[in-house]
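Source file: work.cif (mmCIF, C-alpha atoms)
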```cif
data_run
loop_
_atom_site.label_atom_id
_atom_site.label_comp_id
_atom_site.auth_asym_id
_atom_site.auth_seq_id
_atom_site.Cartn_x
_atom_site.Cartn_y
_atom_site.Cartn_z
CA MET H 1 0.00 0.00 0.00
CA THR H 2 1.31 3.43 -0.93
CA VAL H 3 1.38 6.14 1.74
CA THR H 4 0.60 9.44 0.09
CA ARG H 5 2.43 12.67 0.80
CA SER H 6 -0.80 14.28 2.04
CA LEU H 7 -1.26 11.53 4.64
CA LEU H 8 2.28 11.99 5.88
CA LEU H 9 1.73 15.70 6.17
CA ARG H 10 -1.55 15.19 7.99
CA GLY H 11 0.07 12.70 10.32
CA GLY H 12 2.98 15.01 11.05
CA ALA H 13 0.66 17.90 11.75
CA ALA H 14 -1.41 15.76 14.11
CA ALA H 15 1.69 14.62 15.96
CA LEU H 16 2.87 18.20 16.33
CA ALA H 17 -0.55 19.32 17.56
CA GLY H 18 -0.58 16.49 20.08
CA ALA H 19 2.86 17.44 21.34
CA LEU H 20 1.84 21.06 21.75
CA ALA H 21 -1.37 20.09 23.52
CA SER H 22 0.30 17.76 26.02
CA PRO H 23 1.00 19.27 29.42
CA ALA H 24 4.49 20.53 30.06
CA ILE H 25 6.62 18.55 32.46
CA ALA H 26 6.25 20.21 35.86
CA GLN H 27 9.39 21.81 37.12
CA PRO H 28 10.34 20.92 40.72
CA LEU H 29 9.46 23.61 43.23
CA GLU H 30 12.30 25.40 44.99
CA ARG H 31 12.21 24.54 48.70
CA LEU H 32 12.71 27.52 50.93
CA PRO H 33 12.70 27.77 54.74
CA LEU H 34 11.01 31.01 55.85
CA THR H 35 11.02 32.12 59.48
CA LEU H 36 8.27 34.15 61.11
CA ASN H 37 8.96 36.50 64.00
CA TRP H 38 6.79 34.83 66.63
CA LYS H 39 4.46 31.95 67.24
CA ILE H 40 1.72 31.75 64.59
CA GLN H 41 -0.91 34.45 65.08
CA GLY H 42 -2.82 37.36 63.54
CA LEU H 43 -1.29 38.74 60.35
CA HIS H 44 0.71 35.55 59.81
CA GLY H 45 -2.49 34.33 58.18
CA ALA H 46 -1.40 36.27 55.09
CA PHE H 47 1.50 33.85 54.58
CA PHE H 48 -0.74 30.80 54.84
CA LEU H 49 -3.38 32.41 52.63
CA ALA H 50 -0.70 32.97 49.98
CA LEU H 51 0.32 29.33 50.39
CA GLU H 52 -3.26 28.03 50.07
CA ARG H 53 -4.07 30.20 47.06
CA GLY H 54 -1.03 28.95 45.21
CA TYR H 55 0.85 32.25 45.10
CA PHE H 56 4.11 30.64 46.15
CA ARG H 57 3.57 27.69 43.81
CA ALA H 58 2.93 30.10 40.94
CA GLU H 59 6.40 31.50 41.61
CA GLY H 60 7.94 28.02 41.63
CA LEU H 61 8.42 28.03 45.41
CA ASN H 62 7.62 25.56 48.18
CA PRO H 63 8.26 27.48 51.42
CA ASP H 64 8.52 25.85 54.82
CA ILE H 65 7.01 28.59 57.02
CA VAL H 66 8.29 28.22 60.58
CA ALA H 67 7.16 30.01 63.75
CA GLY H 68 9.70 32.27 65.44
CA ASP H 69 10.78 32.63 69.05
CA GLY H 70 11.12 36.40 69.20
CA SER H 71 11.34 39.03 66.49
CA ALA H 72 14.75 40.19 67.70
CA ASN H 73 16.14 36.67 67.14
CA VAL H 74 15.25 36.52 63.45
CA VAL H 75 18.40 38.37 62.40
CA ASN H 76 20.51 35.74 64.15
CA ARG H 77 18.56 32.98 62.40
CA LEU H 78 19.23 34.60 59.04
CA ALA H 79 22.86 35.39 59.71
CA GLY H 80 23.45 31.86 61.00
CA GLY H 81 22.39 30.37 57.68
CA ALA H 82 19.54 28.14 58.87
CA PHE H 83 17.18 30.57 57.15
CA GLN H 84 17.83 33.02 54.33
CA ILE H 85 14.66 35.09 54.50
CA GLY H 86 12.00 35.86 57.07
CA LEU H 87 9.88 38.32 59.03
CA GLY H 88 11.75 40.04 61.83
CA ASP H 89 12.58 43.06 63.95
CA VAL H 90 14.51 45.78 62.20
CA ALA H 91 15.88 47.33 65.39
CA SER H 92 17.98 44.22 65.93
CA LEU H 93 18.99 44.45 62.27
CA VAL H 94 20.55 47.88 62.88
CA ARG H 95 22.56 46.51 65.78
CA PHE H 96 23.67 43.41 63.92
CA ASN H 97 24.72 45.23 60.75
CA ALA H 98 26.71 47.80 62.72
CA GLN H 99 28.61 45.00 64.44
CA ASN H 100 28.84 42.63 61.45
CA PRO H 101 29.34 44.69 58.28
CA GLU H 102 30.79 41.68 56.46
CA ARG H 103 27.58 39.58 56.76
CA ARG H 104 24.69 41.99 56.83
CA VAL H 105 20.98 41.27 56.84
CA LYS H 106 18.77 43.76 55.00
CA ALA H 107 15.16 44.88 55.31
CA ILE H 108 13.32 44.38 52.02
CA TYR H 109 9.58 44.82 52.77
CA ASN H 110 8.06 47.07 55.43
CA GLN H 111 5.15 45.57 57.31
CA THR H 112 4.20 47.33 60.56
CA PRO H 113 5.70 50.08 62.73
CA ALA H 114 6.90 49.25 66.22
CA ASP H 115 4.33 48.82 69.00
CA LEU H 116 6.83 48.27 71.81
CA VAL H 117 5.41 48.52 75.30
CA VAL H 118 5.92 47.91 78.99
CA LEU H 119 2.63 46.47 80.18
CA SER H 120 1.28 46.09 83.69
CA LEU H 121 -2.12 45.58 85.30
CA ARG H 122 -4.27 47.96 87.25
CA GLY H 123 -3.60 47.74 90.97
CA ARG H 124 0.10 46.89 90.57
CA GLY H 125 1.15 50.47 91.28
CA ILE H 126 2.71 51.06 87.87
CA THR H 127 1.30 53.96 85.88
CA LYS H 128 4.45 55.79 84.75
CA PRO H 129 8.08 54.89 83.97
CA GLU H 130 9.38 55.98 87.40
CA ASP H 131 7.14 53.35 88.99
CA LEU H 132 9.29 50.63 87.41
CA ARG H 133 12.22 51.31 89.72
CA GLY H 134 12.80 48.32 92.00
CA ARG H 135 10.01 46.31 90.39
CA LEU H 136 10.24 42.88 88.78
CA VAL H 137 9.74 43.04 85.00
CA GLY H 138 9.40 39.93 82.85
CA ALA H 139 10.91 39.69 79.39
CA PRO H 140 11.82 36.85 77.03
CA VAL H 141 15.45 37.43 76.03
CA GLY H 142 14.48 37.62 72.35
CA ASP H 143 11.71 40.16 72.92
CA ALA H 144 12.10 43.30 70.80
CA ALA H 145 10.85 45.64 73.54
CA PHE H 146 13.40 44.20 75.95
CA LYS H 147 16.18 44.57 73.39
CA MET H 148 15.13 48.18 72.86
CA PHE H 149 14.82 49.02 76.56
CA PRO H 150 17.98 51.19 76.37
CA ALA H 151 15.97 53.54 74.15
CA PHE H 152 13.23 53.59 76.79
CA THR H 153 15.92 54.41 79.35
CA ALA H 154 17.26 57.27 77.25
CA ALA H 155 13.76 58.70 76.82
CA THR H 156 12.53 58.28 80.40
CA GLY H 157 15.63 58.33 82.59
CA VAL H 158 14.81 54.93 84.12
CA PRO H 159 17.88 52.70 83.70
CA ALA H 160 17.61 48.96 83.25
CA SER H 161 19.86 48.56 86.30
CA ALA H 162 17.12 50.09 88.46
CA ILE H 163 14.79 47.24 87.54
CA ARG H 164 14.82 43.59 88.55
CA TRP H 165 14.49 41.36 85.49
CA GLU H 166 12.95 37.93 85.09
CA HIS H 167 13.47 36.10 81.81
CA MET H 168 11.06 33.42 80.65
CA ALA H 169 9.86 31.52 77.60
CA PRO H 170 7.57 33.64 75.41
CA ASN H 171 4.56 31.37 75.89
CA ILE H 172 4.36 31.94 79.67
CA ARG H 173 5.07 35.70 79.78
CA GLU H 174 1.46 36.88 80.07
CA ALA H 175 0.59 34.07 82.48
CA MET H 176 3.36 35.19 84.84
CA LEU H 177 1.97 38.73 84.78
CA ILE H 178 -1.56 37.53 85.54
CA GLN H 179 -0.31 35.31 88.38
CA GLY H 180 1.60 38.20 89.93
CA ARG H 181 4.96 36.50 89.50
CA VAL H 182 6.16 39.66 87.73
CA ASP H 183 4.93 43.23 88.12
CA ALA H 184 5.11 44.13 84.43
CA ILE H 185 6.30 42.72 81.13
CA THR H 186 7.94 44.03 77.96
CA ALA H 187 6.21 43.07 74.73
CA ASN H 188 4.86 44.04 71.37
CA GLU H 189 1.47 45.46 72.25
CA GLY H 190 -0.33 43.51 69.55
CA THR H 191 0.97 40.27 71.04
CA ALA H 192 0.48 40.85 74.77
CA LEU H 193 -2.81 42.75 74.51
CA PHE H 194 -4.65 39.93 72.80
CA ASN H 195 -2.94 37.17 74.75
CA LEU H 196 -4.18 38.81 77.95
CA LYS H 197 -7.66 39.29 76.52
CA ALA H 198 -7.71 35.60 75.58
CA ALA H 199 -6.90 34.82 79.22
CA GLY H 200 -9.87 36.87 80.40
CA VAL H 201 -8.14 40.14 81.31
CA ARG H 202 -10.17 43.22 80.36
CA GLU H 203 -8.38 45.84 78.29
CA GLU H 204 -9.40 48.54 80.77
CA ASP H 205 -7.45 46.67 83.45
CA MET H 206 -4.23 46.86 81.43
CA VAL H 207 -1.70 49.67 81.86
CA PHE H 208 0.41 50.53 78.81
CA LEU H 209 3.69 52.42 78.87
CA ARG H 210 4.08 52.73 75.13
CA TYR H 211 7.55 53.48 73.80
CA SER H 212 5.99 55.68 71.11
CA ASP H 213 4.49 57.94 73.80
CA PHE H 214 8.04 58.81 74.80
CA GLY H 215 9.22 59.60 71.28
CA ILE H 216 10.53 56.15 70.39
CA ASN H 217 8.95 55.78 66.95
CA ILE H 218 10.76 53.20 64.86
CA VAL H 219 10.03 50.94 61.94
CA ASN H 220 9.58 47.42 63.17
CA ALA H 221 8.41 44.13 61.71
CA GLY H 222 9.32 43.54 58.09
CA MET H 223 10.61 41.01 55.62
CA MET H 224 14.38 40.73 55.64
CA ALA H 225 17.02 38.56 54.06
CA ASN H 226 20.66 37.61 54.33
CA GLU H 227 22.70 39.91 52.07
CA SER H 228 24.45 36.95 50.46
CA PHE H 229 21.03 35.51 49.56
CA LEU H 230 20.04 38.84 48.00
CA ARG H 231 23.21 38.77 45.95
CA ASP H 232 23.16 35.10 44.95
CA LYS H 233 19.41 34.56 44.40
CA PRO H 234 17.85 37.92 43.59
CA GLU H 235 15.05 36.44 41.51
CA THR H 236 14.06 34.04 44.30
CA VAL H 237 13.81 37.02 46.65
CA ARG H 238 11.55 38.83 44.19
CA LYS H 239 9.38 35.71 43.88
CA VAL H 240 9.00 35.47 47.66
CA LEU H 241 8.00 39.12 47.95
CA ARG H 242 5.52 38.85 45.09
CA ALA H 243 3.82 35.91 46.82
CA VAL H 244 3.88 37.48 50.29
CA ASN H 245 2.62 40.80 48.92
CA ARG H 246 -0.31 39.07 47.22
CA GLY H 247 -1.16 37.37 50.50
CA LEU H 248 -1.03 40.67 52.38
CA VAL H 249 -3.15 42.50 49.80
CA ASP H 250 -5.75 39.72 49.96
CA SER H 251 -5.65 39.77 53.76
CA VAL H 252 -6.35 43.51 53.86
CA ALA H 253 -9.20 43.21 51.37
CA ASN H 254 -10.63 40.03 52.90
CA PRO H 255 -9.47 39.56 56.52
CA ALA H 256 -11.98 36.72 56.99
CA ALA H 257 -10.17 34.63 54.36
CA SER H 258 -6.83 35.35 56.04
CA LEU H 259 -8.26 34.34 59.40
CA ASP H 260 -9.68 31.14 57.91
CA ALA H 261 -6.22 30.23 56.57
CA LEU H 262 -4.68 30.93 59.98
CA MET H 263 -7.24 28.77 61.77
CA ARG H 264 -6.70 25.91 59.32
CA LYS H 265 -3.00 26.09 60.13
CA ASP H 266 -3.63 26.05 63.89
CA PRO H 267 -7.23 25.10 64.82
CA LEU H 268 -6.44 25.51 68.54
CA LEU H 269 -6.15 29.29 68.23
CA ASN H 270 -8.95 31.45 69.62
CA ARG H 271 -10.70 32.66 66.47
CA ALA H 272 -12.30 35.73 68.05
CA ILE H 273 -9.02 36.90 69.59
CA GLU H 274 -7.02 36.25 66.43
CA GLY H 275 -9.61 38.16 64.43
CA GLU H 276 -9.11 41.17 66.71
CA ARG H 277 -5.35 40.81 66.50
CA LEU H 278 -5.50 40.60 62.72
CA MET H 279 -7.57 43.79 62.41
CA TYR H 280 -5.20 45.57 64.82
CA SER H 281 -2.20 44.59 62.68
CA ILE H 282 -3.91 45.50 59.41
CA ALA H 283 -4.77 48.95 60.77
CA ARG H 284 -1.19 49.56 61.84
CA MET H 285 0.13 48.37 58.49
CA VAL H 286 -2.12 50.39 56.19
CA GLU H 287 -2.37 53.56 58.30
CA GLN H 288 1.35 54.12 58.75
CA PRO H 289 2.76 57.08 56.79
CA ASP H 290 5.19 54.89 54.84
CA ALA H 291 2.42 52.77 53.34
CA ARG H 292 0.30 55.84 52.64
CA GLU H 293 3.22 57.35 50.76
CA GLY H 294 4.50 54.43 48.73
CA GLY H 295 2.12 51.49 49.14
CA LEU H 296 2.51 48.27 51.07
CA GLY H 297 6.11 47.29 51.78
CA PHE H 298 7.50 50.80 51.26
CA TYR H 299 10.08 52.41 53.58
CA ASN H 300 10.34 56.19 53.92
CA GLU H 301 14.07 56.95 54.05
CA ALA H 302 13.70 59.74 56.60
CA ASN H 303 11.79 57.43 58.95
CA VAL H 304 14.39 54.73 58.48
CA ARG H 305 17.21 57.19 59.19
CA ARG H 306 15.48 58.33 62.38
CA SER H 307 14.99 54.70 63.45
CA ILE H 308 18.67 53.99 62.87
CA GLU H 309 19.61 57.02 64.99
CA ILE H 310 17.35 55.92 67.86
CA VAL H 311 18.72 52.38 67.86
CA THR H 312 22.33 53.57 67.51
CA ALA H 313 21.99 55.86 70.52
CA ALA H 314 20.14 53.27 72.59
CA GLU H 315 22.70 50.55 71.87
CA GLY H 316 25.72 52.82 72.26
CA LEU H 317 26.93 51.82 68.80
CA PRO H 318 30.06 53.62 67.57
CA ALA H 319 28.39 55.04 64.45
CA ALA H 320 25.07 54.95 62.63
CA ILE H 321 24.92 52.67 59.64
CA ALA H 322 23.91 54.11 56.28
CA VAL H 323 20.31 53.70 55.12
CA SER H 324 21.67 51.63 52.21
CA ASP H 325 23.21 49.24 54.75
CA PHE H 326 19.80 48.81 56.35
CA MET H 327 17.38 48.27 53.49
CA ASP H 328 17.07 47.46 49.80
CA MET H 329 13.72 48.23 48.16
CA SER H 330 14.82 47.07 44.72
CA PHE H 331 13.18 43.68 45.31
CA LEU H 332 9.70 45.10 45.93
CA PRO H 333 6.89 44.26 43.51
CA PRO H 334 5.82 47.22 41.36
CA ALA H 335 3.85 49.98 43.07
CA SER H 336 0.74 49.01 41.12
CA ALA H 337 0.75 45.62 42.90
CA ARG H 338 1.18 47.22 46.34
CA VAL H 339 -1.77 49.62 46.31
CA ILE H 340 -3.65 49.49 49.62
CA PRO H 341 -7.10 47.99 48.99
CA ALA H 342 -10.25 48.89 50.91
CA VAL H 343 -10.04 47.16 54.28
CA GLY H 344 -12.51 44.32 54.65
CA ARG H 345 -14.00 42.81 57.78
CA VAL H 346 -13.51 39.52 59.60
#
```
As structure tokens, please, write out the structure in this file.
Amino acid sequence: MTVTRSLLLRGGAAALAGALASPAIAQPLERLPLTLNWKIQGLHGAFFLALERGYFRAEGLNPDIVAGDGSANVVNRLAGGAFQIGLGDVASLVRFNAQNPERRVKAIYNQTPADLVVLSLRGRGITKPEDLRGRLVGAPVGDAAFKMFPAFTAATGVPASAIRWEHMAPNIREAMLIQGRVDAITANEGTALFNLKAAGVREEDMVFLRYSDFGINIVNAGMMANESFLRDKPETVRKVLRAVNRGLVDSVANPAASLDALMRKDPLLNRAIEGERLMYSIARMVEQPDAREGGLGFYNEANVRRSIEIVTAAEGLPAAIAVSDFMDMSFLPPASARVIPAVGRV
């Protein structure tokens, strides 16, 4: 039997069409450990929402998102090499980079301003900084407010040496305050406030000595990465920030979805409390001047410079690092992707 030229052509065309129609071989996802600043809570739902909605997968990433043990410890995690990127405390970043210029960690996405606080309870006799003298204050060693207490000292005149300190694991800090085992605690307000509310303490029975009330206004939690990682894998960094940014934008627009993702990650969390904590964090993120100026993730250089000066003075560092040694905004998604959406409701 003779095979005609037209049949061969038709057969070749069909084979080509079939090859084009067949699914492409899936590329393996890049595994990436990513450290959070604290135990899973509140705005961390944005990371898990991004994971559930496939934003990381769309970037070719498979992140292992791990809870932290204190925002001030994230820099050490990154510098040590166990993690390359994560969400941490930028005050500790200033200190670390001043002392370790050869292995810096850089801020790459602004999230929320600092809400550092010394917190006590009504009836403990603490209503102003001077009342802390001679009292027992609890603080996890990795707590950002504890690390920044020298700035509180400089602003209020109450030295750390005038206070008795009790260090504990982060998960028992608020319990020790409630039990009267310490007179006050240092904390991020958004953490301690809602932990105490979850334990049945009324907000009106809490006493806040906010660092910001004494002029200590600094940028705080943000995405950061090891400088060598920024240099060696710049596109991976951009992919991470694109996925995280999408999760944050979705969380602002639809906090209920973010909260759902958080609760699926840890069903033992108190949904009502985490919903309050989430809305508190969203408000702080979108209402800060930096975000209003340049969108989500943006750092205002003047605010960063002032933060560096505050930390440098508080830590007694020999010289302030340059803004360029602190942050690198070149990895941010375009401004059009970071526009603040209308804030939804839980």
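Atom to atom, atom CA of H:Ile108 and atom CA of H:Pro289 stand 17.2 Å apart.
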Exercise. Determine the residue membership of the PyMOL selection byres ((chain H and resi 37-40) around 6) for the file above and supply it as number ranges by chain.
Key: H: 36, 41, 67-71, 87-88
Produce a file of the selected residues containing C-alpha atoms, as a JSON list (two decimals), in the coordinates of the input.
```json
[["chain", "number", "residue", "atom", "x", "y", "z"],
["H", 36, "LEU", "CA", 8.27, 34.15, 61.11],
["H", 41, "GLN", "CA", -0.91, 34.45, 65.08],
["H", 67, "ALA", "CA", 7.16, 30.01, 63.75],
["H", 68, "GLY", "CA", 9.70, 32.27, 65.44],
["H", 69, "ASP", "CA", 10.78, 32.63, 69.05],
["H", 70, "GLY", "CA", 11.12, 36.40, 69.20],
["H", 71, "SER", "CA", 11.34, 39.03, 66.49],
["H", 87, "LEU", "CA", 9.88, 38.32, 59.03],
["H", 88, "GLY", "CA", 11.75, 40.04, 61.83]]
```
Quiz item: Near H:Gln288, counting only C-alpha atoms, which residues have an atom at most 12 Å away, once you skip same-chain residues fewer than 4 positions from it, shown as a ChimeraX atom specification?
Solution: /H:110-115,217-220,281-284,292-300,303,340
So which residues fall inside 10 Å of (17.7, 53.0, 65.3) if we count only C-alpha atoms? Mind giving them as an mmCIF file with C-alpha atoms, keeping the file's coordinate frame?
```cif
data_model
loop_
_atom_site.group_PDB
_atom_site.id
_atom_site.type_symbol
_atom_site.label_atom_id
_atom_site.label_comp_id
_atom_site.auth_asym_id
_atom_site.auth_seq_id
_atom_site.Cartn_x
_atom_site.Cartn_y
_atom_site.Cartn_z
ATOM 1 C CA VAL H 90 14.510 45.780 62.200
ATOM 2 C CA ALA H 91 15.880 47.330 65.390
ATOM 3 C CA SER H 92 17.980 44.220 65.930
ATOM 4 C CA LEU H 93 18.990 44.450 62.270
ATOM 5 C CA VAL H 94 20.550 47.880 62.880
ATOM 6 C CA ARG H 95 22.560 46.510 65.780
ATOM 7 C CA MET H 148 15.130 48.180 72.860
ATOM 8 C CA ALA H 151 15.970 53.540 74.150
ATOM 9 C CA ILE H 216 10.530 56.150 70.390
ATOM 10 C CA ASN H 217 8.950 55.780 66.950
ATOM 11 C CA ILE H 218 10.760 53.200 64.860
ATOM 12 C CA VAL H 219 10.030 50.940 61.940
ATOM 13 C CA ASN H 303 11.790 57.430 58.950
ATOM 14 C CA VAL H 304 14.390 54.730 58.480
ATOM 15 C CA ARG H 305 17.210 57.190 59.190
ATOM 16 C CA ARG H 306 15.480 58.330 62.380
ATOM 17 C CA SER H 307 14.990 54.700 63.450
ATOM 18 C CA ILE H 308 18.670 53.990 62.870
ATOM 19 C CA GLU H 309 19.610 57.020 64.990
ATOM 20 C CA ILE H 310 17.350 55.920 67.860
ATOM 21 C CA VAL H 311 18.720 52.380 67.860
ATOM 22 C CA THR H 312 22.330 53.570 67.510
ATOM 23 C CA ALA H 313 21.990 55.860 70.520
ATOM 24 C CA ALA H 314 20.140 53.270 72.590
ATOM 25 C CA GLU H 315 22.700 50.550 71.870
ATOM 26 C CA LEU H 317 26.930 51.820 68.800
ATOM 27 C CA ALA H 320 25.070 54.950 62.630
ATOM 28 C CA ILE H 321 24.920 52.670 59.640
#
```
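Evaluated against this file, the PyMOL selection byres ((chain H and resi 32) around 8) yields Glu30, Arg31, Pro33, Leu34, Leu61, Asn62, Pro63 and Asp64 of chain H.
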Exercise. Figure out the distance between atom CA of H:Ser120 and atom CA of H:Phe149, please, to one decimal in Å.
Key: 15.6 Å
Exercise. Please provide as a list in words all residues within 10 Å of H:Ala175, with the sequence filter that same-chain residues fewer than 4 positions apart are discarded (counting only C-alpha atoms).
Key: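 Answer for this query is Pro170, Asn171, Gln179, Gly180, Arg181, Val182, Asn195, Leu196 and Ala199 of chain H.
Using all atoms listed in the file, the protein and nucleic acid residues lying no more than 8 Å from H:Arg103, apart from those fewer than 6 places from it along its own chain, are Ala79, Asn97, Asn226, Glu227 and Ser228 of chain H.
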Quiz item: Which residues, written as a VMD selection string, have at least one atom at most 10 Å from stretch 187-194 of chain H, with all atoms listed in the file counted and residues fewer than 4 positions away on the same chain left out?
Solution: chain H and resid 38 to 39 41 to 42 70 to 71 114 to 119 138 to 140 143 to 146 170 173 to 174 198 to 203 206 208 to 210 272 to 278 280 to 281 284
Practice problem: Quick one: everything within 12 Å of H:Arg264, counting all atoms listed in the file, minus sequence neighbours fewer than 6 positions away in the same chain. Send it as JSON, numbers by chain. | Solution: {"H": [40, 41, 45, 48, 49, 51, 52, 257, 258, 270, 271]}
Quiz item: Which of these residues is nearest to H:Arg164, using all atoms listed in the file: H:Gly60, H:Gly134, H:Gly123, H:Pro334?
Solution: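 Distance minimum relative to H:Arg164 lands on H:Gly134.
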Quiz item: Distance atom CA of H:Arg231-atom CA of H:Asn76, one decimal place?
Solution: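 So the two atoms, atom CA of H:Arg231 and atom CA of H:Asn76, lie 18.6 Å apart.
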Exercise. Counting all atoms listed in the file, figure out which residue out of H:Ala225, H:Leu29, H:Ala58, H:Met168 gets nearest to H:Phe83.
Key: H:Ala225
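Residue nearest H:Arg104, chosen from H:Ser212, H:Ala256, H:Ala46, H:Met224 and counting all atoms listed in the file: H:Met224.
Among the candidate residues H:Asp325, H:Thr35, H:Gly247, H:Leu78, the one lying nearest to H:Val66 is H:Thr35, with distances computed using only C-alpha atoms.
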